[in-house]
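Q: Contents are mmCIF, C-alpha atoms; file name target-v6.cif:
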```cif
data_model
#
loop_
_atom_site.group_PDB
_atom_site.id
_atom_site.type_symbol
_atom_site.label_atom_id
_atom_site.label_comp_id
_atom_site.auth_asym_id
_atom_site.auth_seq_id
_atom_site.Cartn_x
_atom_site.Cartn_y
_atom_site.Cartn_z
ATOM 1 C CA MET A 1 12.648 -28.796 -45.462
ATOM 2 C CA SER A 2 15.880 -30.690 -44.931
ATOM 3 C CA ASN A 3 16.966 -32.347 -41.711
ATOM 4 C CA SER A 4 19.921 -29.980 -41.295
ATOM 5 C CA THR A 5 17.611 -26.953 -41.465
ATOM 6 C CA VAL A 6 15.286 -28.412 -38.831
ATOM 7 C CA LEU A 7 18.262 -29.359 -36.631
ATOM 8 C CA SER A 8 19.806 -25.877 -36.868
ATOM 9 C CA ALA A 9 16.454 -24.232 -36.053
ATOM 10 C CA LEU A 10 16.038 -26.520 -33.041
ATOM 11 C CA LEU A 11 19.557 -25.774 -31.812
ATOM 12 C CA SER A 12 19.059 -22.013 -32.189
ATOM 13 C CA ASP A 13 15.840 -22.266 -30.150
ATOM 14 C CA LEU A 14 17.728 -24.193 -27.477
ATOM 15 C CA GLY A 15 20.329 -21.427 -27.449
ATOM 16 C CA ARG A 16 17.610 -18.855 -26.892
ATOM 17 C CA LEU A 17 16.088 -20.992 -24.158
ATOM 18 C CA ARG A 18 19.476 -21.316 -22.471
ATOM 19 C CA GLN A 19 19.936 -17.530 -22.706
ATOM 20 C CA LEU A 20 16.453 -16.930 -21.251
ATOM 21 C CA VAL A 21 17.164 -19.254 -18.334
ATOM 22 C CA SER A 22 20.488 -17.517 -17.744
ATOM 23 C CA VAL A 23 18.906 -14.047 -17.726
ATOM 24 C CA THR A 24 16.126 -15.224 -15.405
ATOM 25 C CA TRP A 25 18.629 -16.794 -13.018
ATOM 26 C CA ASN A 26 20.715 -13.605 -12.960
ATOM 27 C CA LEU A 27 17.595 -11.567 -12.236
ATOM 28 C CA LEU A 28 16.736 -13.811 -9.314
ATOM 29 C CA LEU A 29 20.266 -13.484 -8.003
ATOM 30 C CA VAL A 30 20.086 -9.699 -8.214
ATOM 31 C CA LEU A 31 16.802 -9.535 -6.352
ATOM 32 C CA GLY A 32 18.118 -12.053 -3.844
ATOM 33 C CA SER A 33 14.890 -12.510 -1.963
ATOM 34 C CA ILE A 34 11.526 -11.023 -1.267
ATOM 35 C CA SER A 35 13.035 -8.638 1.273
ATOM 36 C CA GLY A 36 15.569 -7.496 -1.337
ATOM 37 C CA PHE A 37 12.762 -6.859 -3.792
ATOM 38 C CA PHE A 38 10.789 -4.789 -1.300
ATOM 39 C CA GLY A 39 13.936 -2.968 -0.220
ATOM 40 C CA ASN A 40 14.574 -1.943 -3.825
ATOM 41 C CA LEU A 41 10.922 -1.003 -4.278
ATOM 42 C CA TYR A 42 10.998 1.104 -1.109
ATOM 43 C CA ASN A 43 14.132 2.962 -2.214
ATOM 44 C CA ASP A 44 12.643 3.677 -5.635
ATOM 45 C CA LEU A 45 9.362 4.912 -4.179
ATOM 46 C CA THR A 46 11.208 7.123 -1.691
ATOM 47 C CA ALA A 47 13.166 8.738 -4.522
ATOM 48 C CA PHE A 48 9.923 9.233 -6.456
ATOM 49 C CA ALA A 49 8.203 10.804 -3.431
ATOM 50 C CA LEU A 50 11.125 13.176 -2.899
ATOM 51 C CA ALA A 51 11.063 14.212 -6.551
ATOM 52 C CA MET A 52 7.294 14.805 -6.530
ATOM 53 C CA ALA A 53 7.359 16.768 -3.263
ATOM 54 C CA THR A 54 10.180 18.943 -4.578
ATOM 55 C CA PHE A 55 8.280 19.572 -7.805
ATOM 56 C CA PHE A 56 5.092 20.566 -5.994
ATOM 57 C CA PHE A 57 7.034 22.789 -3.606
ATOM 58 C CA ALA A 58 8.557 24.613 -6.579
ATOM 59 C CA TRP A 59 5.138 24.855 -8.246
ATOM 60 C CA ALA A 60 3.538 26.293 -5.100
ATOM 61 C CA ALA A 61 6.397 28.782 -4.732
ATOM 62 C CA LEU A 62 5.832 29.876 -8.322
ATOM 63 C CA LEU A 63 2.119 30.301 -7.640
ATOM 64 C CA TYR A 64 2.903 32.388 -4.572
ATOM 65 C CA MET A 65 5.316 34.610 -6.480
ATOM 66 C CA THR A 66 2.794 35.246 -9.255
ATOM 67 C CA ALA A 67 -0.154 35.937 -6.928
ATOM 68 C CA ASN A 68 0.574 39.698 -6.974
ATOM 69 C CA GLN A 69 -2.047 41.579 -4.938
ATOM 70 C CA ASN A 70 -4.765 38.899 -5.103
ATOM 71 C CA GLU A 71 -5.191 37.717 -1.501
ATOM 72 C CA ASN A 72 -7.233 34.655 -2.522
ATOM 73 C CA HIS A 73 -4.433 33.355 -4.738
ATOM 74 C CA ARG A 74 -1.880 34.085 -2.040
ATOM 75 C CA VAL A 75 -3.801 32.075 0.558
ATOM 76 C CA GLN A 76 -4.194 29.146 -1.851
ATOM 77 C CA ALA A 77 -0.498 29.250 -2.773
ATOM 78 C CA ARG A 78 0.532 29.430 0.887
ATOM 79 C CA SER A 79 -1.682 26.411 1.633
ATOM 80 C CA ALA A 80 -0.095 24.529 -1.272
ATOM 81 C CA LEU A 81 3.359 25.441 0.082
ATOM 82 C CA TYR A 82 2.513 24.017 3.507
ATOM 83 C CA ILE A 83 1.167 20.820 1.974
ATOM 84 C CA ALA A 84 4.232 20.425 -0.247
ATOM 85 C CA LEU A 85 6.550 20.997 2.721
ATOM 86 C CA SER A 86 4.636 18.393 4.721
ATOM 87 C CA GLY A 87 5.014 15.890 1.891
ATOM 88 C CA LEU A 88 8.709 16.666 1.612
ATOM 89 C CA ALA A 89 9.185 16.156 5.353
ATOM 90 C CA LEU A 90 7.291 12.852 5.234
ATOM 91 C CA ALA A 91 9.380 11.628 2.310
ATOM 92 C CA ILE A 92 12.597 12.513 4.131
ATOM 93 C CA LEU A 93 11.504 11.027 7.455
ATOM 94 C CA ALA A 94 10.132 7.830 5.903
ATOM 95 C CA GLN A 95 13.584 6.256 5.661
ATOM 96 C CA THR A 96 14.334 7.024 9.312
ATOM 97 C CA VAL A 97 11.002 5.761 10.593
ATOM 98 C CA ALA A 98 11.244 2.573 8.529
ATOM 99 C CA GLY A 99 14.764 1.953 9.849
ATOM 100 C CA LEU A 100 13.608 2.404 13.449
ATOM 101 C CA ILE A 101 10.693 0.020 12.979
ATOM 102 C CA ASN A 102 12.887 -2.528 11.213
ATOM 103 C CA SER A 103 15.545 -2.490 13.936
ATOM 104 C CA ALA A 104 12.881 -2.715 16.656
ATOM 105 C CA ALA A 105 11.262 -5.676 14.904
ATOM 106 C CA GLN A 106 14.608 -7.486 14.704
ATOM 107 C CA GLY A 107 15.308 -6.842 18.369
ATOM 108 C CA GLN A 108 18.493 -4.860 17.864
#
```
Show this structure as structure tokens.

A:
Amino acid sequence: MSNSTVLSALLSDLGRLRQLVSVTWNLLLVLGSISGFFGNLYNDLTAFALAMATFFFAWAALLYMTANQNENHRVQARSALYIALSGLALAILAQTVAGLINSAAQGQ
């Protein structure tokens, strides 16, 4: 193996290292801090909870519509509807409650 080949391989690895450091630094700048990370995580989990509650509400509504004359199925579907609505309300109110607690903790 010639010296020029070794030197070019070493320089290409340094280029990759420089690129990795640059990407890592940009990622840290985007996150900003621990509070920024948890803020992003909270927003993502809230969106996920809203999506899941909406899905289960639609599923329970479908179960209720297909229950026909079976009273047992109707009661189970109605119970699932109430639970899905409760989850939907909690997912919607979570942002408000968290904002109230955060502002109270900061003294504003």

Q: Atom CA of A:Thr54 to atom CA of A:Tyr42: how many Å, to one decimal?

A: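 Those two atoms sit 18.2 Å apart.
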
Q: My list of candidates is A:His73, A:Thr46, A:Trp25, A:Phe37. Which is closest to A:Thr96 when distances are computed with all atoms listed in the file?

A: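 For A:Thr96, the nearest of the given residues is A:Thr46.
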
Q: To one decimal in Å, tell me the separation between atom CA of A:Ala58 and atom CA of A:Leu85.

A: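 Calculated distance between atom CA of A:Ala58 and atom CA of A:Leu85 is 10.2 Å.
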
Q: Pull the neighbourhood of (4.6, 17.5, -0.5) for me: all residues within 9 Å in file coordinates, counting all atoms listed in the file, as a ChimeraX atom specification.

A: /A:49-50,52-57,80-91

Q: Could you check how far atom CA of A:Ala60 sits from atom CA of A:Val75, in Å to one decimal?

A: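 The value is 10.9 Å.
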
Q: In terms of the shortest atom-to-atom distance over all atoms listed in the file, which of A:Leu100, A:Ala105, A:Ala94, A:Ala61 is closest to A:Asn43?

A: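 The closest residue to A:Asn43 is A:Ala94.
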
Q: Just stretch 49-70 of chain A, please, as a short mmCIF file (atom, residue, chain, number, x, y, z; two decimals), in the first residue's frame (only N, CA, C and O atoms).

A:
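Generated output (decode-v1.cif):
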```cif
data_model
loop_
_atom_site.label_atom_id
_atom_site.label_comp_id
_atom_site.auth_asym_id
_atom_site.auth_seq_id
_atom_site.Cartn_x
_atom_site.Cartn_y
_atom_site.Cartn_z
N ALA A 49 -51.18 10.69 21.66
CA ALA A 49 -52.35 10.40 22.50
C ALA A 49 -53.64 10.85 21.81
O ALA A 49 -54.65 10.15 21.87
N LEU A 50 -53.61 12.00 21.17
CA LEU A 50 -54.79 12.47 20.45
C LEU A 50 -55.15 11.52 19.30
O LEU A 50 -56.32 11.21 19.09
N ALA A 51 -54.14 11.07 18.58
CA ALA A 51 -54.39 10.15 17.47
C ALA A 51 -54.96 8.82 17.97
O ALA A 51 -55.92 8.29 17.39
N MET A 52 -54.40 8.29 19.06
CA MET A 52 -54.89 7.01 19.58
C MET A 52 -56.30 7.15 20.14
O MET A 52 -57.14 6.27 19.93
N ALA A 53 -56.58 8.23 20.86
CA ALA A 53 -57.93 8.41 21.41
C ALA A 53 -58.95 8.56 20.29
O ALA A 53 -60.06 8.02 20.38
N THR A 54 -58.59 9.27 19.23
CA THR A 54 -59.50 9.42 18.10
C THR A 54 -59.75 8.07 17.42
O THR A 54 -60.89 7.75 17.06
N PHE A 55 -58.70 7.29 17.26
CA PHE A 55 -58.85 5.97 16.66
C PHE A 55 -59.78 5.09 17.49
O PHE A 55 -60.69 4.44 16.96
N PHE A 56 -59.57 5.05 18.81
CA PHE A 56 -60.40 4.19 19.64
C PHE A 56 -61.83 4.70 19.74
O PHE A 56 -62.76 3.91 19.88
N PHE A 57 -62.03 6.01 19.65
CA PHE A 57 -63.38 6.54 19.61
C PHE A 57 -64.09 6.06 18.33
O PHE A 57 -65.25 5.63 18.39
N ALA A 58 -63.39 6.14 17.21
CA ALA A 58 -63.99 5.67 15.95
C ALA A 58 -64.26 4.17 16.00
O ALA A 58 -65.29 3.70 15.51
N TRP A 59 -63.35 3.42 16.59
CA TRP A 59 -63.54 1.96 16.70
C TRP A 59 -64.74 1.64 17.58
O TRP A 59 -65.56 0.78 17.24
N ALA A 60 -64.88 2.33 18.70
CA ALA A 60 -66.02 2.09 19.59
C ALA A 60 -67.32 2.50 18.92
O ALA A 60 -68.35 1.83 19.08
N ALA A 61 -67.31 3.58 18.15
CA ALA A 61 -68.51 3.99 17.42
C ALA A 61 -68.90 2.93 16.39
O ALA A 61 -70.08 2.62 16.22
N LEU A 62 -67.91 2.36 15.73
CA LEU A 62 -68.18 1.29 14.78
C LEU A 62 -68.76 0.06 15.47
O LEU A 62 -69.70 -0.55 14.98
N LEU A 63 -68.22 -0.27 16.63
CA LEU A 63 -68.77 -1.40 17.40
C LEU A 63 -70.21 -1.13 17.81
O LEU A 63 -71.06 -2.02 17.78
N TYR A 64 -70.50 0.10 18.20
CA TYR A 64 -71.86 0.44 18.61
C TYR A 64 -72.83 0.36 17.43
O TYR A 64 -73.96 -0.10 17.57
N MET A 65 -72.37 0.81 16.26
CA MET A 65 -73.25 0.78 15.09
C MET A 65 -73.52 -0.63 14.61
O MET A 65 -74.57 -0.91 14.03
N THR A 66 -72.59 -1.54 14.84
CA THR A 66 -72.76 -2.92 14.36
C THR A 66 -73.33 -3.85 15.43
O THR A 66 -73.41 -5.06 15.21
N ALA A 67 -73.71 -3.30 16.59
CA ALA A 67 -74.23 -4.15 17.67
C ALA A 67 -75.61 -4.71 17.37
O ALA A 67 -76.00 -5.73 17.95
N ASN A 68 -76.35 -4.06 16.47
CA ASN A 68 -77.71 -4.48 16.11
C ASN A 68 -78.59 -4.58 17.35
O ASN A 68 -78.69 -3.65 18.12
N GLN A 69 -79.23 -5.72 17.55
CA GLN A 69 -80.17 -5.89 18.66
C GLN A 69 -79.54 -6.52 19.90
O GLN A 69 -80.22 -6.71 20.90
N ASN A 70 -78.25 -6.85 19.83
CA ASN A 70 -77.58 -7.51 20.95
C ASN A 70 -77.26 -6.48 22.04
O ASN A 70 -76.40 -5.63 21.87
#
```
